[in-house]
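Here is the file input.cif (mmCIF, C-alpha atoms).
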data_my_file
#
loop_
_atom_site.label_atom_id
_atom_site.label_comp_id
_atom_site.auth_asym_id
_atom_site.auth_seq_id
_atom_site.Cartn_x
_atom_site.Cartn_y
_atom_site.Cartn_z
CA MET A 1 219.53 110.64 29.71
CA ILE A 2 219.72 113.48 27.21
CA ASP A 3 222.05 116.31 28.16
CA HIS A 4 223.75 119.17 26.33
CA TYR A 5 227.19 120.67 26.00
CA ASP A 6 228.39 124.04 24.76
CA TRP A 7 231.27 124.59 22.41
CA SER A 8 232.52 127.72 20.64
CA GLY A 9 230.10 127.16 17.75
CA GLY A 10 226.94 126.57 19.77
CA ARG A 11 225.14 123.90 21.76
CA GLU A 12 224.82 120.22 20.93
CA ALA A 13 223.02 117.28 22.48
CA MET A 14 224.69 114.34 24.15
CA LEU A 15 223.50 111.09 25.71
CA ARG A 16 224.61 110.24 29.23
CA PHE A 17 224.84 106.75 30.67
CA GLY A 18 225.78 105.30 34.04
CA PRO A 19 227.05 106.89 37.27
CA ALA A 20 227.52 110.67 37.51
CA ASP A 21 230.87 110.36 39.25
CA GLY A 22 234.12 108.49 38.73
CA PRO A 23 235.83 108.11 35.37
CA VAL A 24 233.82 108.95 32.28
CA VAL A 25 234.08 107.46 28.81
CA VAL A 26 233.59 109.99 26.00
CA ALA A 27 232.51 108.13 22.89
CA ALA A 28 233.18 109.14 19.29
CA LEU A 29 231.24 107.57 16.42
CA PRO A 30 232.88 107.31 12.99
CA LEU A 31 232.40 110.06 10.42
CA PHE A 32 229.62 110.14 7.81
CA GLU A 33 227.59 107.04 6.96
CA GLU A 34 229.43 104.73 9.32
CA ALA A 35 228.09 106.78 12.25
CA ASN A 36 224.57 105.60 11.41
CA ARG A 37 225.76 102.04 11.06
CA THR A 38 227.51 101.89 14.44
CA ARG A 39 225.31 104.07 16.67
CA THR A 40 223.11 101.23 17.99
CA PHE A 41 226.23 99.17 18.66
CA MET A 42 227.98 102.05 20.48
CA VAL A 43 224.90 102.75 22.63
CA ARG A 44 224.83 99.06 23.57
CA ILE A 45 228.50 99.20 24.63
CA LEU A 46 227.88 102.32 26.73
CA ARG A 47 224.86 100.71 28.47
CA LEU A 48 227.02 97.66 29.25
CA LEU A 49 229.69 99.99 30.66
CA ALA A 50 227.04 101.55 32.90
CA ASP A 51 226.19 98.02 34.15
CA ARG A 52 229.88 97.69 34.95
CA GLY A 53 229.84 100.91 36.97
CA ILE A 54 231.43 103.22 34.40
CA GLY A 55 229.67 106.37 33.22
CA SER A 56 229.83 107.65 29.66
CA ILE A 57 228.67 110.32 27.25
CA LEU A 58 227.93 110.10 23.55
CA PRO A 59 227.97 113.61 22.08
CA ASP A 60 226.41 114.63 18.80
CA LEU A 61 229.28 116.50 17.19
CA PRO A 62 228.60 119.44 14.85
CA GLY A 63 227.36 118.07 11.54
CA GLN A 64 226.45 114.72 13.14
CA GLY A 65 223.22 113.22 14.46
CA GLU A 66 220.69 115.83 15.62
CA SER A 67 223.12 118.74 15.20
CA VAL A 68 221.65 121.78 13.45
CA VAL A 69 225.10 122.69 12.13
CA PRO A 70 225.26 121.60 8.47
CA LEU A 71 227.93 119.00 7.81
CA GLU A 72 229.22 121.03 4.86
CA SER A 73 230.28 123.83 7.22
CA VAL A 74 232.44 121.70 9.52
CA THR A 75 236.02 120.47 9.36
CA ILE A 76 237.77 117.75 11.35
CA LEU A 77 239.18 120.48 13.60
CA THR A 78 235.65 121.76 14.37
CA MET A 79 234.63 118.27 15.43
CA GLN A 80 237.79 117.78 17.48
CA GLN A 81 237.17 121.09 19.28
CA ALA A 82 233.54 120.21 20.02
CA PHE A 83 234.61 116.76 21.24
CA ALA A 84 237.14 118.40 23.58
CA ALA A 85 234.47 120.84 24.83
CA THR A 86 232.30 118.00 26.15
CA MET A 87 234.70 117.52 29.06
CA GLU A 88 235.93 121.08 29.47
CA HIS A 89 234.14 121.82 32.73
CA SER A 90 234.36 118.35 34.19
CA GLU A 91 236.71 117.26 36.95
CA ARG A 92 236.18 113.56 36.22
CA PRO A 93 238.98 111.50 34.67
CA ALA A 94 238.06 111.17 30.98
CA TYR A 95 238.79 108.37 28.54
CA ALA A 96 237.99 108.56 24.83
CA VAL A 97 236.46 105.55 23.12
CA GLY A 98 236.56 105.87 19.33
CA ILE A 99 235.29 103.46 16.69
CA ARG A 100 236.76 103.60 13.17
CA SER A 101 237.30 107.23 12.07
CA GLY A 102 235.95 108.31 15.48
CA ALA A 103 239.56 107.64 16.53
CA LEU A 104 240.54 110.80 14.59
CA LEU A 105 238.35 113.05 16.72
CA ASP A 106 240.00 112.83 20.16
CA THR A 107 243.43 114.27 19.36
CA TYR A 108 242.49 117.80 20.51
CA SER A 109 241.24 116.68 23.93
CA LEU A 110 243.01 116.54 27.28
CA LEU A 111 242.35 112.94 28.22
CA ASP A 112 243.53 110.34 30.68
CA GLY A 113 243.62 107.72 27.94
CA ARG A 114 242.35 106.67 24.52
CA TRP A 115 240.78 103.38 23.50
CA HIS A 116 240.25 102.74 19.80
CA PHE A 117 238.35 99.97 18.05
CA ALA A 118 239.26 99.22 14.42
CA PRO A 119 240.66 102.76 13.97
CA GLN A 120 240.64 103.99 10.40
CA GLY A 121 243.14 106.59 9.21
CA GLY A 122 241.94 109.65 7.37
CA ALA A 123 243.78 108.81 4.14
CA THR A 124 242.09 105.40 3.94
CA LEU A 125 238.69 106.96 4.54
CA LEU A 126 239.38 109.53 1.83
CA ARG A 127 240.30 106.77 -0.63
CA GLU A 128 237.03 105.04 0.14
CA LEU A 129 235.00 108.24 -0.29
CA THR A 130 236.76 108.82 -3.61
CA ARG A 131 235.83 105.29 -4.71
CA ILE A 132 232.19 105.86 -3.79
CA LYS A 133 232.18 109.13 -5.73
CA GLN A 134 233.78 107.38 -8.70
CA ALA A 135 231.09 104.72 -8.58
CA GLU A 136 228.41 107.43 -8.42
CA THR A 137 229.77 109.45 -11.32
CA GLY A 138 231.34 106.66 -13.40
CA LYS A 139 234.44 108.83 -13.81
CA ASN A 140 238.05 108.30 -12.84
CA LEU A 141 238.89 111.00 -10.33
CA SER A 142 242.26 112.60 -9.74
CA GLU A 143 243.84 113.04 -6.32
CA TYR A 144 242.35 116.42 -5.47
CA TRP A 145 239.15 115.85 -7.42
CA TYR A 146 237.06 117.68 -4.82
CA PHE A 147 238.61 120.97 -5.89
CA ASP A 148 237.98 120.16 -9.54
CA GLU A 149 234.74 121.67 -10.79
CA ASP A 150 234.68 119.43 -13.86
CA SER A 151 234.47 116.23 -11.89
CA SER A 152 232.13 117.31 -9.12
CA ASN A 153 229.39 119.47 -10.67
CA ASN A 154 230.46 122.06 -8.13
CA VAL A 155 232.46 125.19 -8.57
CA GLY A 156 235.71 125.99 -6.80
CA SER A 157 235.67 124.95 -3.19
CA SER A 158 231.92 124.56 -2.67
CA PRO A 159 230.81 121.34 -0.95
CA VAL A 160 230.81 118.05 -2.82
CA GLU A 161 228.15 115.40 -2.37
CA ILE A 162 229.26 111.86 -1.59
CA ALA A 163 226.65 109.18 -0.88
CA GLY A 164 224.11 111.81 0.16
CA ASN A 165 226.46 113.78 2.44
CA ARG A 166 227.51 117.30 1.47
CA ILE A 167 231.12 117.68 2.56
CA ALA A 168 233.49 120.68 2.44
CA PRO A 169 236.63 120.17 0.31
CA ASP A 170 238.59 121.54 3.28
CA LEU A 171 237.40 118.64 5.40
CA LEU A 172 238.52 116.17 2.73
CA THR A 173 241.95 117.80 2.48
CA ASP A 174 242.16 117.70 6.25
CA LEU A 175 241.31 113.98 6.24
CA SER A 176 244.27 113.12 4.07
CA VAL A 177 246.67 114.08 6.87
CA LYS A 178 244.73 112.87 9.92
CA HIS A 179 245.87 109.81 11.83
CA PRO A 180 244.58 108.22 14.99
CA TRP A 181 246.59 109.12 18.09
CA ASP A 182 249.73 107.08 18.51
CA TYR A 183 252.18 106.55 21.35
CA SER A 184 254.82 108.80 19.87
CA MET A 185 252.52 111.80 20.40
CA SER A 186 252.61 111.26 24.15
CA PRO A 187 254.09 108.02 25.50
CA ASP A 188 252.82 108.72 29.04
CA ILE A 189 249.13 108.71 28.16
CA PRO A 190 247.55 105.26 27.94
CA LEU A 191 246.43 104.15 24.49
CA ARG A 192 244.78 100.83 23.68
CA THR A 193 243.93 99.58 20.20
CA VAL A 194 241.57 96.67 19.58
CA ARG A 195 240.93 95.30 16.10
CA LEU A 196 238.91 92.54 14.50
CA GLU A 197 240.71 89.25 13.88
CA SER A 198 240.30 89.80 10.14
CA ASP A 199 242.39 93.00 10.32
CA THR A 200 246.08 92.36 9.72
CA LYS A 201 247.32 95.57 11.35
CA THR A 202 248.95 95.55 14.77
CA ALA A 203 246.82 95.95 17.88
CA ASP A 204 246.90 95.31 21.62
CA ARG A 205 244.16 92.74 21.07
CA HIS A 206 242.32 91.13 18.15
CA VAL A 207 238.71 90.02 18.71
CA ALA A 208 236.34 87.81 16.69
CA GLY A 209 233.45 89.53 14.94
CA ALA A 210 232.21 91.08 11.71
CA PRO A 211 232.64 94.72 10.65
CA LEU A 212 229.14 96.12 11.31
CA TRP A 213 230.12 99.41 9.69
CA ARG A 214 230.29 97.71 6.28
CA ARG A 215 226.64 96.72 6.30
CA SER A 216 224.04 98.93 4.69
CA GLU A 217 221.43 97.70 7.21
CA PRO A 218 222.26 99.14 10.65
CA GLY A 219 223.26 96.13 12.71
CA ASP A 220 224.18 95.15 16.21
CA ASP A 221 226.34 92.44 17.71
CA PRO A 222 225.53 91.92 21.41
CA MET A 223 228.31 89.39 21.92
CA LEU A 224 231.00 91.62 20.45
CA ALA A 225 229.60 94.60 22.37
CA ALA A 226 229.97 92.64 25.63
CA VAL A 227 233.56 91.64 24.81
CA LEU A 228 234.45 95.27 24.06
CA ALA A 229 232.63 96.65 27.13
CA ASP A 230 234.62 94.23 29.32
CA ASP A 231 237.82 95.28 27.61
CA ILE A 232 237.09 98.99 28.10
CA ALA A 233 236.01 98.54 31.74
CA ASP A 234 239.14 96.52 32.61
CA TRP A 235 241.38 99.01 30.82
CA VAL A 236 239.82 102.09 32.48
CA ARG A 237 240.19 100.42 35.89
CA SER A 238 243.82 99.57 35.21
CA CYS A 239 244.50 103.17 34.12
CA GLU A 240 242.81 104.46 37.28
CA GLY A 241 245.06 102.12 39.28
CA MET B 1 247.89 71.69 -5.40
CA ARG B 2 247.83 75.39 -4.74
CA ALA B 3 250.24 77.15 -2.48
CA ASP B 4 249.08 77.89 1.08
CA GLY B 5 249.17 81.60 0.35
CA ALA B 6 246.67 81.23 -2.49
CA VAL B 7 244.28 79.25 -0.27
CA GLN B 8 244.53 81.95 2.40
CA VAL B 9 243.80 84.68 -0.12
CA GLU B 10 240.76 82.80 -1.43
CA ASP B 11 239.46 82.31 2.13
CA THR B 12 239.99 86.00 2.82
CA VAL B 13 238.10 87.05 -0.33
CA ARG B 14 235.24 84.72 0.63
CA ALA B 15 235.08 86.05 4.21
CA THR B 16 235.25 89.66 3.00
CA LEU B 17 232.32 89.13 0.61
CA ARG B 18 230.37 87.53 3.46
CA ASP B 19 231.07 90.39 5.88
CA VAL B 20 230.72 93.33 3.51
CA LEU B 21 227.60 92.08 1.73
CA GLY B 22 225.99 90.43 4.74
CA LEU B 23 225.79 87.02 3.00
CA SER B 24 225.37 83.75 4.89
CA GLU B 25 228.30 81.44 5.54
CA ALA B 26 226.57 78.71 3.48
CA ARG B 27 226.08 81.04 0.55
CA VAL B 28 229.70 82.15 0.28
CA ALA B 29 230.94 78.60 0.93
CA ALA B 30 229.18 77.58 -2.29
CA PHE B 31 231.01 80.23 -4.37
CA ASP B 32 233.26 78.69 -7.03
CA GLU B 33 235.45 79.96 -9.85
CA GLN B 34 232.45 80.62 -12.11
CA THR B 35 230.07 82.23 -9.58
CA PRO B 36 229.04 85.60 -11.04
CA LEU B 37 229.40 88.61 -8.67
CA PHE B 38 228.90 92.13 -10.01
CA GLY B 39 225.51 92.35 -11.70
CA ALA B 40 224.41 89.01 -10.23
CA LEU B 41 224.46 89.81 -6.50
CA PRO B 42 221.97 92.60 -5.71
CA GLU B 43 223.92 93.28 -2.50
CA LEU B 44 227.00 94.20 -4.54
CA ASP B 45 226.07 97.73 -5.60
CA SER B 46 228.61 100.41 -6.40
CA MET B 47 228.74 101.58 -2.75
CA ALA B 48 229.44 98.04 -1.63
CA VAL B 49 232.23 97.76 -4.21
CA ALA B 50 234.00 100.70 -2.56
CA GLY B 51 233.70 99.01 0.84
CA LEU B 52 234.77 95.65 -0.55
CA LEU B 53 237.96 97.03 -2.11
CA THR B 54 238.93 98.97 1.01
CA GLU B 55 238.24 95.97 3.22
CA LEU B 56 240.33 93.70 0.96
CA GLU B 57 243.18 96.21 1.22
CA ASP B 58 243.01 96.06 5.02
CA ARG B 59 242.75 92.30 5.28
CA LEU B 60 245.36 91.40 2.69
CA GLY B 61 247.70 94.29 3.47
CA ILE B 62 247.62 95.43 -0.17
CA LEU B 63 247.02 98.71 -1.96
CA ILE B 64 244.61 98.70 -4.88
CA GLU B 65 244.99 101.42 -7.47
CA ASP B 66 241.78 102.31 -9.24
CA ASP B 67 243.48 101.69 -12.58
CA ASP B 68 243.93 98.08 -11.48
CA ILE B 69 240.19 97.49 -11.50
CA ASP B 70 238.37 96.87 -14.75
CA GLY B 71 235.00 95.43 -15.70
CA GLU B 72 236.24 91.88 -15.43
CA THR B 73 237.83 92.11 -11.97
CA LEU B 74 234.49 91.77 -10.20
CA GLU B 75 232.75 89.62 -12.79
CA THR B 76 233.21 86.28 -11.06
CA PHE B 77 234.50 84.94 -7.77
CA GLY B 78 237.36 83.33 -9.70
CA ALA B 79 238.37 86.62 -11.34
CA LEU B 80 238.29 88.54 -8.04
CA THR B 81 240.34 85.84 -6.30
CA ARG B 82 242.93 85.84 -9.12
CA PHE B 83 243.17 89.62 -8.86
CA ALA B 84 243.60 89.48 -5.07
CA ASN B 85 246.22 86.74 -5.43
CA ALA B 86 248.20 88.74 -7.94
CA LYS B 87 248.20 91.71 -5.55
CA ALA B 88 248.84 89.84 -2.31
CA LEU B 89 251.47 87.41 -3.49
CA GLN B 90 253.47 89.66 -5.79
#

What's the structure tokens form of this structure?
Amino acid sequence: MIDHYDWSGGREAMLRFGPADGPVVVAALPLFEEANRTRTFMVRILRLLADRGIGSILPDLPGQGESVVPLESVTILTMQQAFAATMEHSERPAYAVGIRSGALLDTYSLLDGRWHFAPQGGATLLRELTRIKQAETGKNLSEYWYFDEDSSNNVGSSPVEIAGNRIAPDLLTDLSVKHPWDYSMSPDIPLRTVRLESDTKTADRHVAGAPLWRRSEPGDDPMLAAVLADDIADWVRSCEG
Amino acid sequence: MRADGAVQVEDTVRATLRDVLGLSEARVAAFDEQTPLFGALPELDSMAVAGLLTELEDRLGILIEDDDIDGETLETFGALTRFANAKALQ
């Protein structure tokens, strides 16, 4: 079902799945191109959660999906604020589910818990964006290249284009210091991290599967989606006690 | 005989190429020292190179500086594996 939410910058669409009461999962897609590559997969997970009796919402954040707000006008903070606004008037217990850099978007929200799949830190994402830009331009770029008019065909702090997305330099600066939520921020609030087996970093669980977000053709992986939906459902139930 | 670490790195490079480029298991299994990569695999465009390097960093727990990469690094499977080995086992 298509619904809407209001935030300080306007109104955005969101998809709703499953029961209208009980705990709700608020899903965050990754930033930029990876959002397109994981949307089908995320929707599958949320439908499976609905089958397991857990409701969810998938908001379009400003600059994402059907949003009329241009990406170049948003920062990470804007997206975090909009994400938080989705649950502002709800009394239901809320749990964030973030894939990849979507894990950066829930830090501003009051939540009962956070569940992250293959979370990607902002600095790593920025390195990757810089690599893509280098490949596009054939130039070696310095650390703060996005403020450098010589290397970006842009002047001063106007948006830079990376793989078809126009992005504000402020957002890129912001990225360099953004990390997914960790326990030290609030040890009392449940946090669960799941990664692919191929990822060497620590996690509560490693699962078999391929990184869909790396593929240029939008993909899906029903088996992995089912494993993750089970994991989320069990975790939400254990948090709800 | 190669050290276990080198075999693991080669397996990781193979699996990363498979996952990032969407190649079949059989196709990457047939990769050898001389198999040409950049310029020979249409899937390996410049966008995919960015993803490949970042993914190798994650899987091998290494950090790749852009100065480390030159035209030859991605020329063949052998060259890429040697590069990854030098980074991972240093």

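Reported to one decimal place, the separation of atom CA of A:Arg214 from atom CA of A:Ser101 is 13.2 Å.
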
#### Entry: Residues in the PyMOL selection byres ((chain A) within 7 of (chain B)), expressed as a PyMOL selection string
chain A and resi 128+131-132+135+198-200+210-211+214-215

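In this structure, atom CA of A:Asp106 sits 19.4 Å away from atom CA of A:Phe17.
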
### Query
Do you know which residues are at most 9 Å from B:Phe38 counting only C-alpha atoms, after dropping those on the same chain fewer than 6 positions away, and could you put them as a PyMOL selection string?
chain B and resi 44-45+49+71+74-76

Just to be explicit: take each residue in the selection above, keep C-alpha atoms, and write the result as an mmCIF file, in the frame of the given file.
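Result written to part_28.cif:
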data_model
loop_
_atom_site.group_PDB
_atom_site.id
_atom_site.type_symbol
_atom_site.label_atom_id
_atom_site.label_comp_id
_atom_site.auth_asym_id
_atom_site.auth_seq_id
_atom_site.Cartn_x
_atom_site.Cartn_y
_atom_site.Cartn_z
ATOM 1 C CA LEU B 44 227.000 94.200 -4.540
ATOM 2 C CA ASP B 45 226.070 97.730 -5.600
ATOM 3 C CA VAL B 49 232.230 97.760 -4.210
ATOM 4 C CA GLY B 71 235.000 95.430 -15.700
ATOM 5 C CA LEU B 74 234.490 91.770 -10.200
ATOM 6 C CA GLU B 75 232.750 89.620 -12.790
ATOM 7 C CA THR B 76 233.210 86.280 -11.060
#

### Summary
Expressed in Å, the length from atom CA of A:Ser184 to atom CA of A:Ile76 is 21.1 Å

Give me the residues near stretch 239-241 of chain A as a tab-separated table (two decimals) with C-alpha atoms, in the coordinates of the input, where near means some atom within 10 Å (using all atoms listed in the file) and where sequence neighbours in that chain fewer than 5 positions away do not count.
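Contents of result.tsv, as written:
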chain	number	residue	atom	x	y	z
A	22	GLY	CA	234.12	108.49	38.73
A	23	PRO	CA	235.83	108.11	35.37
A	93	PRO	CA	238.98	111.50	34.67
A	95	TYR	CA	238.79	108.37	28.54
A	112	ASP	CA	243.53	110.34	30.68
A	113	GLY	CA	243.62	107.72	27.94
A	189	ILE	CA	249.13	108.71	28.16
A	190	PRO	CA	247.55	105.26	27.94
A	191	LEU	CA	246.43	104.15	24.49
A	233	ALA	CA	236.01	98.54	31.74
A	234	ASP	CA	239.14	96.52	32.61

### Query
Which residue out of B:Ala29, B:Phe77, B:Ser24, B:Ile62 has the minimum interatomic distance to B:Leu89 when only C-alpha atoms are used?
B:Ile62

### Task
Evaluate the PyMOL selection byres ((chain B and resi 78) around 10) here and jot the selected residues down as JSON, numbers by chain.
{"B": [10, 31, 32, 33, 34, 35, 36, 37, 73, 74, 75, 76, 77, 79, 80, 81, 82, 83, 84]}

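Once the PyMOL selection byres ((chain A and resi 26) around 10) is applied to the shown structure, the selection contains Arg16, Pro23, Val24, Val25, Ala27, Ala28, Leu46, Gly55, Ser56, Ile57, Leu58, Pro59, Phe83, Ala84, Thr86, Met87, Ala94, Tyr95, Ala96, Val97, Gly98, Asp106, Leu111 and Arg114 of chain A.
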
### Task
Write out as a ChimeraX atom specification each polymer residue whose atoms come within 8 Å of A:Leu71, counting all atoms listed in the file; drop sequence neighbours fewer than 2 positions from it.
/A:62-64,69,73-74,165-168

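If all atoms listed in the file are the atoms counted, then among A:Leu212, A:Thr75, A:Thr107, A:Thr124 the closest residue to A:Leu172 is A:Thr75.
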